[in-house]
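S.K.: File name query-v5.txt; file contents compact mmCIF, C-alpha atoms and all ligand atoms; full text below.
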# COMPACT_ATOMS: atom_id res chain seq x y z
CA MET A 766 -57.71 -57.86 -7.84
CA SER A 767 -58.11 -54.24 -6.70
CA ASP A 768 -58.15 -55.39 -3.07
CA ASP A 769 -54.88 -57.23 -3.52
CA LEU A 770 -52.08 -56.40 -1.12
CA LYS A 771 -49.55 -54.53 -3.26
CA VAL A 772 -46.09 -55.73 -2.36
CA ALA A 773 -42.61 -54.39 -3.11
CA VAL A 774 -39.86 -57.02 -3.09
CA LEU A 775 -36.43 -55.56 -2.36
CA GLY A 776 -33.61 -57.87 -3.44
CA VAL A 777 -34.31 -60.59 -5.98
CA GLY A 778 -31.49 -63.07 -5.57
CA LYS A 779 -32.45 -66.71 -4.99
CA MET A 780 -34.75 -66.01 -2.02
CA GLY A 781 -36.27 -62.76 -3.31
CA ALA A 782 -37.08 -64.32 -6.68
CA PHE A 783 -38.71 -67.26 -4.88
CA HIS A 784 -40.83 -64.80 -2.88
CA VAL A 785 -41.86 -62.92 -6.06
CA GLU A 786 -43.09 -66.23 -7.52
CA SER A 787 -44.82 -67.15 -4.29
CA LEU A 788 -46.59 -63.77 -4.01
CA SER A 789 -47.62 -63.84 -7.67
CA ARG A 790 -48.65 -67.46 -8.17
CA ARG A 791 -49.20 -69.23 -4.87
CA THR A 792 -50.31 -66.64 -2.28
CA ARG A 793 -53.95 -65.53 -2.18
CA GLY A 794 -54.71 -61.80 -2.29
CA THR A 795 -51.27 -60.45 -3.13
CA ARG A 796 -49.66 -58.78 -6.12
CA VAL A 797 -46.03 -57.77 -6.64
CA THR A 798 -46.12 -54.19 -7.90
CA VAL A 799 -42.49 -53.15 -7.48
CA VAL A 800 -39.17 -54.99 -7.67
CA SER A 801 -35.84 -53.44 -6.68
CA ASP A 802 -32.33 -54.85 -6.85
CA ALA A 803 -28.83 -53.36 -7.17
CA ASP A 804 -28.52 -55.60 -10.24
CA THR A 805 -30.94 -53.68 -12.46
CA ALA A 806 -30.92 -56.25 -15.27
CA ARG A 807 -31.94 -58.93 -12.78
CA ALA A 808 -34.65 -56.66 -11.34
CA THR A 809 -36.03 -56.00 -14.84
CA GLU A 810 -36.11 -59.69 -15.67
CA VAL A 811 -37.86 -60.72 -12.44
CA ALA A 812 -40.31 -57.78 -12.57
CA ALA A 813 -41.22 -58.56 -16.18
CA SER A 814 -42.01 -62.17 -15.29
CA VAL A 815 -44.90 -61.02 -13.04
CA GLY A 816 -45.92 -57.70 -14.63
CA ALA A 817 -44.37 -55.50 -11.94
CA ARG A 818 -42.37 -52.31 -12.37
CA THR A 819 -38.81 -51.71 -11.17
CA GLU A 820 -37.48 -49.04 -8.87
CA SER A 821 -33.71 -48.62 -8.63
CA ASP A 822 -33.84 -46.87 -5.24
CA PRO A 823 -35.21 -49.21 -2.56
CA PHE A 824 -36.31 -46.24 -0.43
CA ALA A 825 -38.36 -44.90 -3.35
CA ALA A 826 -40.02 -48.33 -3.52
CA ILE A 827 -40.84 -48.16 0.20
CA ALA A 828 -42.30 -44.65 -0.28
CA ALA A 829 -44.30 -45.50 -3.43
CA ASP A 830 -48.10 -45.11 -3.62
CA ASP A 831 -48.50 -48.52 -5.23
CA VAL A 832 -46.91 -50.31 -2.25
CA ASP A 833 -48.89 -51.52 0.81
CA ALA A 834 -46.27 -53.88 2.26
CA VAL A 835 -42.65 -54.87 1.72
CA VAL A 836 -40.68 -58.11 1.48
CA LEU A 837 -36.99 -57.58 2.26
CA ALA A 838 -34.63 -60.09 0.69
CA SER A 839 -31.82 -57.59 0.20
CA PRO A 840 -28.32 -58.16 1.66
CA GLY A 841 -28.34 -58.24 5.48
CA ALA A 842 -26.32 -55.03 5.75
CA ALA A 843 -29.16 -53.12 4.05
CA HIS A 844 -31.90 -54.37 6.39
CA GLU A 845 -31.61 -51.90 9.26
CA ALA A 846 -32.20 -48.76 7.17
CA GLN A 847 -34.87 -50.44 5.04
CA VAL A 848 -36.81 -51.85 8.01
CA LEU A 849 -36.70 -48.45 9.74
CA ALA A 850 -38.01 -46.78 6.57
CA CYS A 851 -40.92 -49.27 6.51
CA LEU A 852 -41.67 -48.53 10.18
CA GLU A 853 -41.55 -44.82 9.43
CA ARG A 854 -44.22 -45.28 6.75
CA GLY A 855 -46.23 -47.74 8.84
CA LEU A 856 -45.82 -50.57 6.30
CA PRO A 857 -45.92 -54.25 7.29
CA VAL A 858 -42.66 -55.93 6.34
CA LEU A 859 -41.42 -59.50 6.01
CA CYS A 860 -37.66 -59.31 6.55
CA GLU A 861 -35.38 -62.21 5.67
CA LYS A 862 -32.84 -62.98 8.37
CA PRO A 863 -30.83 -61.29 9.73
CA LEU A 864 -33.10 -58.55 11.07
CA THR A 865 -29.92 -56.45 11.20
CA THR A 866 -26.27 -57.47 11.28
CA GLU A 867 -25.59 -56.49 14.93
CA SER A 868 -27.60 -57.22 18.06
CA SER A 869 -27.32 -53.55 19.15
CA THR A 870 -28.99 -52.33 15.95
CA ALA A 871 -31.57 -55.13 16.16
CA TYR A 872 -32.39 -53.90 19.66
CA ASP A 873 -32.83 -50.37 18.26
CA VAL A 874 -35.38 -51.77 15.80
CA VAL A 875 -37.21 -53.53 18.66
CA LYS A 876 -37.38 -50.22 20.52
CA ARG A 877 -38.53 -48.26 17.47
CA GLU A 878 -41.33 -50.73 16.76
CA THR A 879 -42.35 -50.84 20.42
CA ALA A 880 -42.57 -47.04 20.45
CA LEU A 881 -44.97 -47.22 17.49
CA GLY A 882 -47.29 -49.38 19.56
CA ARG A 883 -48.02 -51.93 16.84
CA ARG A 884 -46.17 -54.89 15.37
CA LEU A 885 -45.18 -54.34 11.77
CA VAL A 886 -42.05 -56.46 11.29
CA GLN A 887 -41.99 -60.21 10.77
CA VAL A 888 -38.61 -61.95 10.54
CA GLY A 889 -38.33 -64.78 8.01
CA PHE A 890 -37.72 -67.68 10.37
CA MET A 891 -39.76 -69.89 8.06
CA ARG A 892 -39.15 -73.14 9.90
CA ARG A 893 -41.87 -72.10 12.35
CA PHE A 894 -44.32 -72.59 9.44
CA ASP A 895 -43.00 -76.04 8.48
CA HIS A 896 -45.59 -78.66 9.42
CA GLU A 897 -42.98 -80.93 11.01
CA TYR A 898 -41.60 -78.18 13.26
CA ALA A 899 -45.13 -77.07 14.11
CA ALA A 900 -46.03 -80.65 15.09
CA LEU A 901 -42.89 -80.99 17.21
CA ARG A 902 -43.66 -77.76 19.03
CA GLU A 903 -47.23 -78.89 19.60
CA LEU A 904 -45.96 -82.19 21.02
CA ILE A 905 -43.53 -80.48 23.37
CA GLY A 906 -46.09 -77.85 24.39
CA SER A 907 -48.69 -80.51 25.19
CA GLY A 908 -46.23 -82.33 27.47
CA GLY A 909 -46.06 -85.29 25.08
CA VAL A 910 -42.41 -86.06 25.83
CA GLY A 911 -42.37 -84.61 29.33
CA ALA A 912 -40.01 -81.74 30.14
CA PRO A 913 -37.62 -81.26 27.21
CA LEU A 914 -34.04 -81.86 28.35
CA MET A 915 -32.09 -81.85 25.10
CA LEU A 916 -32.43 -80.93 21.44
CA HIS A 917 -30.09 -82.50 18.91
CA CYS A 918 -29.94 -80.55 15.66
CA THR A 919 -28.24 -81.60 12.45
CA HIS A 920 -27.77 -78.89 9.82
CA ARG A 921 -25.99 -79.90 6.62
CA ASN A 922 -25.72 -78.10 3.30
CA PRO A 923 -24.35 -79.89 0.24
CA ALA A 924 -22.14 -76.98 -0.83
CA VAL A 925 -21.53 -73.28 -0.17
CA PRO A 926 -19.29 -70.59 -1.70
CA ASP A 927 -15.79 -70.07 -0.28
CA PHE A 928 -16.74 -66.89 1.62
CA PHE A 929 -18.80 -69.12 3.93
CA ASP A 930 -16.23 -69.24 6.76
CA SER A 931 -16.75 -70.50 10.33
CA GLU A 932 -18.24 -67.19 11.50
CA PHE A 933 -20.58 -66.98 8.52
CA MET A 934 -21.69 -70.56 9.25
CA ILE A 935 -22.91 -69.28 12.61
CA ARG A 936 -24.58 -66.14 11.27
CA ASP A 937 -26.20 -67.63 8.17
CA SER A 938 -26.93 -71.26 9.10
CA VAL A 939 -26.81 -71.73 12.89
CA VAL A 940 -29.07 -68.67 13.17
CA HIS A 941 -31.97 -70.97 12.18
CA GLU A 942 -31.12 -73.36 15.00
CA ALA A 943 -31.08 -70.38 17.40
CA ASP A 944 -34.65 -69.57 16.44
CA THR A 945 -35.66 -73.24 16.34
CA ALA A 946 -34.34 -73.81 19.87
CA ARG A 947 -36.18 -70.76 21.24
CA PHE A 948 -39.35 -71.74 19.35
CA LEU A 949 -39.33 -75.37 20.51
CA LEU A 950 -38.16 -74.83 24.08
CA GLY A 951 -40.11 -71.60 24.62
CA GLU A 952 -37.23 -69.95 26.47
CA GLU A 953 -34.10 -67.90 25.87
CA ILE A 954 -30.59 -69.22 25.24
CA ALA A 955 -28.13 -68.28 27.99
CA ALA A 956 -24.72 -69.38 26.66
CA VAL A 957 -23.01 -70.69 23.53
CA SER A 958 -19.86 -72.83 23.09
CA VAL A 959 -18.29 -74.10 19.88
CA VAL A 960 -15.98 -77.08 19.41
CA LYS A 961 -13.97 -77.12 16.20
CA GLY A 962 -12.97 -80.55 14.97
CA ALA A 963 -11.12 -81.77 11.91
CA PRO A 964 -12.20 -79.79 8.83
CA THR A 965 -13.35 -81.49 5.65
CA SER A 966 -10.69 -81.30 2.93
CA SER A 967 -13.00 -79.13 0.80
CA ALA A 968 -13.07 -76.33 3.43
CA PRO A 969 -10.88 -73.33 2.56
CA THR A 970 -7.82 -72.77 4.78
CA GLY A 971 -8.85 -71.19 8.09
CA THR A 972 -12.45 -72.44 7.95
CA THR A 973 -13.46 -75.19 10.34
CA ASP A 974 -16.30 -77.10 8.75
CA PRO A 975 -17.97 -79.04 10.39
CA MET A 976 -18.31 -77.66 13.93
CA LEU A 977 -20.22 -78.68 17.01
CA VAL A 978 -22.18 -75.87 18.66
CA LEU A 979 -23.71 -76.10 22.12
CA PHE A 980 -26.49 -73.82 23.39
CA GLU A 981 -27.39 -73.79 27.07
CA ALA A 982 -30.97 -72.66 27.58
CA GLU A 983 -31.98 -70.66 30.67
CA SER A 984 -33.61 -73.76 32.22
CA GLY A 985 -30.40 -75.75 31.71
CA ALA A 986 -31.78 -77.69 28.73
CA LEU A 987 -29.01 -78.37 26.21
CA VAL A 988 -29.03 -77.95 22.42
CA THR A 989 -26.34 -79.68 20.33
CA ILE A 990 -25.88 -78.55 16.73
CA GLU A 991 -23.80 -80.22 14.09
CA ILE A 992 -23.18 -77.58 11.46
CA PHE A 993 -21.60 -78.96 8.27
CA VAL A 994 -22.08 -76.94 5.10
CA ARG A 995 -19.88 -78.78 2.59
CA THR A 996 -21.08 -82.38 2.79
CA GLY A 997 -21.21 -82.79 -0.98
CA ILE A 998 -24.36 -84.90 -0.49
CA ALA A 999 -27.67 -83.17 0.17
CA TYR A 1000 -29.53 -80.61 2.29
CA GLU A 1001 -30.27 -82.29 5.61
CA VAL A 1002 -31.95 -80.64 8.58
CA ARG A 1003 -33.03 -82.87 11.45
CA THR A 1004 -34.13 -82.09 14.97
CA GLU A 1005 -34.63 -84.51 17.83
CA VAL A 1006 -36.06 -83.58 21.19
CA VAL A 1007 -35.28 -85.76 24.19
CA GLY A 1008 -37.63 -85.28 27.11
CA GLU A 1009 -38.21 -86.83 30.52
CA ARG A 1010 -40.85 -89.15 29.08
CA GLY A 1011 -39.92 -89.76 25.48
CA SER A 1012 -38.22 -88.41 22.40
CA ALA A 1013 -39.30 -87.31 18.93
CA MET A 1014 -37.51 -86.56 15.68
CA ILE A 1015 -38.27 -84.62 12.50
CA GLY A 1016 -36.49 -84.15 9.16
CA LEU A 1017 -36.18 -87.75 8.06
CA ASP A 1018 -36.89 -87.12 4.33
CA GLN A 1019 -39.57 -89.79 4.37
CA ASN A 1020 -41.85 -88.44 1.67
CA LEU A 1021 -41.72 -91.24 -0.87
CA VAL A 1022 -39.94 -94.50 -0.22
CA THR A 1023 -39.72 -96.90 -3.17
CA LYS A 1024 -38.83 -100.54 -3.76
CA LEU A 1025 -37.71 -101.04 -7.33
CA PRO A 1026 -36.39 -103.85 -9.56
CA GLY A 1027 -32.81 -104.84 -8.91
CA GLY A 1028 -33.22 -104.71 -5.14
CA ARG A 1029 -33.12 -100.93 -5.07
CA TRP A 1030 -34.85 -99.41 -2.08
CA GLY A 1031 -34.94 -95.81 -0.95
CA GLY A 1032 -36.22 -92.27 -1.04
CA GLN A 1033 -35.12 -88.90 -2.27
CA SER A 1034 -33.08 -86.42 -0.25
CA SER A 1035 -33.58 -82.64 -0.62
CA PRO A 1036 -31.06 -80.85 -2.85
CA ASP A 1037 -31.38 -77.48 -1.09
CA PHE A 1038 -33.30 -75.45 1.47
CA VAL A 1039 -35.88 -74.16 -0.99
CA ALA A 1040 -36.83 -77.73 -1.88
CA ARG A 1041 -36.89 -78.81 1.78
CA PHE A 1042 -38.76 -75.77 3.11
CA GLY A 1043 -40.85 -74.74 0.07
CA GLN A 1044 -44.11 -75.42 1.93
CA ALA A 1045 -42.87 -73.48 4.96
CA TYR A 1046 -41.88 -70.46 2.86
CA ASP A 1047 -45.27 -70.38 1.13
CA THR A 1048 -47.24 -70.85 4.36
CA GLN A 1049 -45.16 -68.12 5.98
CA MET A 1050 -45.98 -65.81 3.06
CA GLN A 1051 -49.73 -66.50 3.23
CA CYS A 1052 -49.83 -65.89 7.00
CA TRP A 1053 -47.81 -62.69 6.64
CA ALA A 1054 -49.94 -61.43 3.73
CA ASP A 1055 -53.22 -62.12 5.57
CA ALA A 1056 -51.95 -60.24 8.62
CA ALA A 1057 -50.47 -57.42 6.50
CA ARG A 1058 -53.84 -56.86 4.81
CA ALA A 1059 -55.22 -56.27 8.30
CA GLY A 1060 -52.34 -53.85 8.99
CA GLY A 1061 -50.05 -56.06 11.09
CA VAL A 1062 -47.93 -59.19 11.10
CA ASP A 1063 -48.37 -62.70 12.48
CA GLY A 1064 -45.18 -64.63 13.17
CA PRO A 1065 -41.70 -64.24 14.63
CA GLY A 1066 -41.01 -60.57 15.19
CA THR A 1067 -38.31 -58.07 16.04
CA TRP A 1068 -37.71 -59.61 19.48
CA ASP A 1069 -37.03 -62.98 17.85
CA GLY A 1070 -34.72 -61.31 15.32
CA TYR A 1071 -32.90 -59.57 18.15
CA ALA A 1072 -32.56 -62.75 20.24
CA ALA A 1073 -31.17 -64.65 17.24
CA ALA A 1074 -28.66 -61.85 16.58
CA ALA A 1075 -27.51 -61.91 20.22
CA ILE A 1076 -27.10 -65.71 20.16
CA CYS A 1077 -25.13 -65.53 16.90
CA GLU A 1078 -22.89 -62.79 18.28
CA ALA A 1079 -22.09 -65.07 21.23
CA GLY A 1080 -21.53 -67.93 18.75
CA VAL A 1081 -19.08 -65.87 16.70
CA ALA A 1082 -17.20 -64.91 19.88
CA ALA A 1083 -17.12 -68.60 20.83
CA VAL A 1084 -15.64 -69.45 17.41
CA GLN A 1085 -13.01 -66.74 17.85
CA THR A 1086 -12.02 -67.47 21.45
CA GLY A 1087 -12.84 -71.15 21.92
CA GLY A 1088 -14.59 -70.21 25.18
CA ARG A 1089 -18.10 -70.45 26.60
CA ILE A 1090 -19.83 -67.15 25.88
CA GLU A 1091 -22.87 -65.89 27.75
CA VAL A 1092 -25.58 -64.35 25.59
CA GLY A 1093 -26.00 -60.71 26.56
CA MET A 1094 -29.57 -59.56 26.02
CA GLY A 1095 -31.31 -56.40 27.12
CA GLY A 1096 -34.78 -56.51 28.63
CA ARG A 1097 -37.96 -56.06 26.59
CA PRO A 1098 -38.56 -52.34 26.12
C1 LIG A 1101 -29.26 -70.40 4.09
O1 LIG A 1101 -28.97 -69.03 4.01
C2 LIG A 1101 -30.56 -70.58 4.76
O2 LIG A 1101 -31.18 -69.69 5.25
C3 LIG A 1101 -30.96 -71.99 4.93
O3 LIG A 1101 -32.19 -72.13 5.53
C4 LIG A 1101 -29.89 -72.66 5.78
O4 LIG A 1101 -30.23 -74.00 6.02
C5 LIG A 1101 -28.56 -72.59 5.07
O5 LIG A 1101 -27.59 -73.24 5.85
C6 LIG A 1101 -28.19 -71.14 4.87
O6 LIG A 1101 -26.98 -71.04 4.19
Spit out the file's structure as structure tokens when you get a sec.

M.R.:
Amino acid sequence: MSDDLKVAVLGVGKMGAFHVESLSRRTRGTRVTVVSDADTARATEVAASVGARTESDPFAAIAADDVDAVVLASPGAAHEAQVLACLERGLPVLCEKPLTTESSTAYDVVKRETALGRRLVQVGFMRRFDHEYAALRELIGSGGVGAPLMLHCTHRNPAVPDFFDSEFMIRDSVVHEADTARFLLGEEIAAVSVVKGAPTSSAPTGTTDPMLVLFEAESGALVTIEIFVRTGIAYEVRTEVVGERGSAMIGLDQNLVTKLPGGRWGGQSSPDFVARFGQAYDTQMQCWADAARAGGVDGPGTWDGYAAAAICEAGVAAVQTGGRIEVGMGGRP
């Protein structure tokens, strides 16, 4: 107990509250000591559920003596200053995406961490810890399908709030496909195009949902992404790789398939991303906590957060202009 990693969780909306539970009940060697949220009643409720204290100022939480490491699930606009404060204090941090809201500020974070000479920031691209994605990467890396030529990604949410417009769909949802593509292909994305089709009738005026996004990787490999966040059905995330010598697919919801009286046959789809990626979130947390106890991090880092931000910026420009936008990335500092 006394050797537990003492963690502050900043932001306890849906994701932050999930992380508090994970750190308190499912992760070995961790304890949530401090919870902070602009909604103080919410912070008090979540903190009380795990015996933590609250701190209204997130920077006071980062500076506190009873904090060894920080999980950031605060709004994206708050990340830059909070991550920099963690770097300043030398604290390992797990930062939910986005690393920062602009690629220029994400690059500043990359430079600041590089100047420190040690990796302290992990970005919450949890799919990398999902066993299906890990298996697909292993297959591709071992040459199991030959050279990968195409990825086909399907990304569907059952419902989202009205503020989720076409640009937000890129920044909040397609961002995962940006990291997935880089993770699976092992290379950078060079250009992004977006084709807007007929919107579903439940999309607010001015929002094109669904859209088709195309990434061109540096090697020329192509990544197609169907992004559709108001299907009204279920949370569905599938990825297929097509290589020179075979193809492979993940995300088929094939956990339990039943045959029941009355000729009913079928399985159960996931209602949301926490249900679909619960294992990945918990595995991510355990890996991060183990590395944080040793003073570092082990997973996607600031460079990955920066690359995803640059790809999304190109994606947003593609939504706005209808053109093919090259991804502008600086070199590694
Ligand atoms: C949400 O914010 C997530 O991060 C989920 O993983 C993603 O699938 C969903 O589309 C986003 O809205």

S.K.: If you measure from CA of Val1022 in chain A to CA of Arg1003 in chain A, what distance in Å do you get, rounded to one decimal?

M.R.: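 Pair CA of Val1022 in chain A / CA of Arg1003 in chain A returns 17.9 Å.
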
S.K.: At most 10 Å from (-21.6, -59.5, 18.4), file frame, all atoms listed in the file: which residues, as a list in words?

M.R.: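 Residues close enough to count: Thr866, Glu867, Ser868, Ser869, Ala1074, Ala1075, Ile1076, Cys1077, Glu1078, Ala1079, Gly1080, Val1081, Ala1082, Val1092 and Gly1093 of chain A.
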
S.K.: Which distance in Å separates CA of Ser839 in chain A and CA of Phe933 in chain A, to one decimal?

M.R.: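 Here the two named atoms are 16.8 Å from each other.
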
S.K.: Show me which residues line ligand LIG 1101 (chain A), defined as having an atom within 6 Å of a ligand atom where only C-alpha atoms and all ligand atoms count, and present them as a list in words.

M.R.: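 Residues satisfying the distance criterion: Asn922, Asp937, Ser938 and Phe1038 of chain A.
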
S.K.: Quick one: residues within 8 Å of range 806-823 of chain A, all atoms listed in the file counted, chain neighbours fewer than 5 positions away excluded, as a list in words?

M.R.: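 Returned residues: Leu775, Val777, Ala782, Val785, Glu786, Ser789, Val797, Thr798, Val799, Val800, Ser801 and Gln847 of chain A.
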
S.K.: Counting all atoms listed in the file, figure out which residue out of A:Phe929, A:Leu1021, A:Asp1069, A:Val836 gets nearest to Glu952 in chain A.

M.R.: A:Asp1069
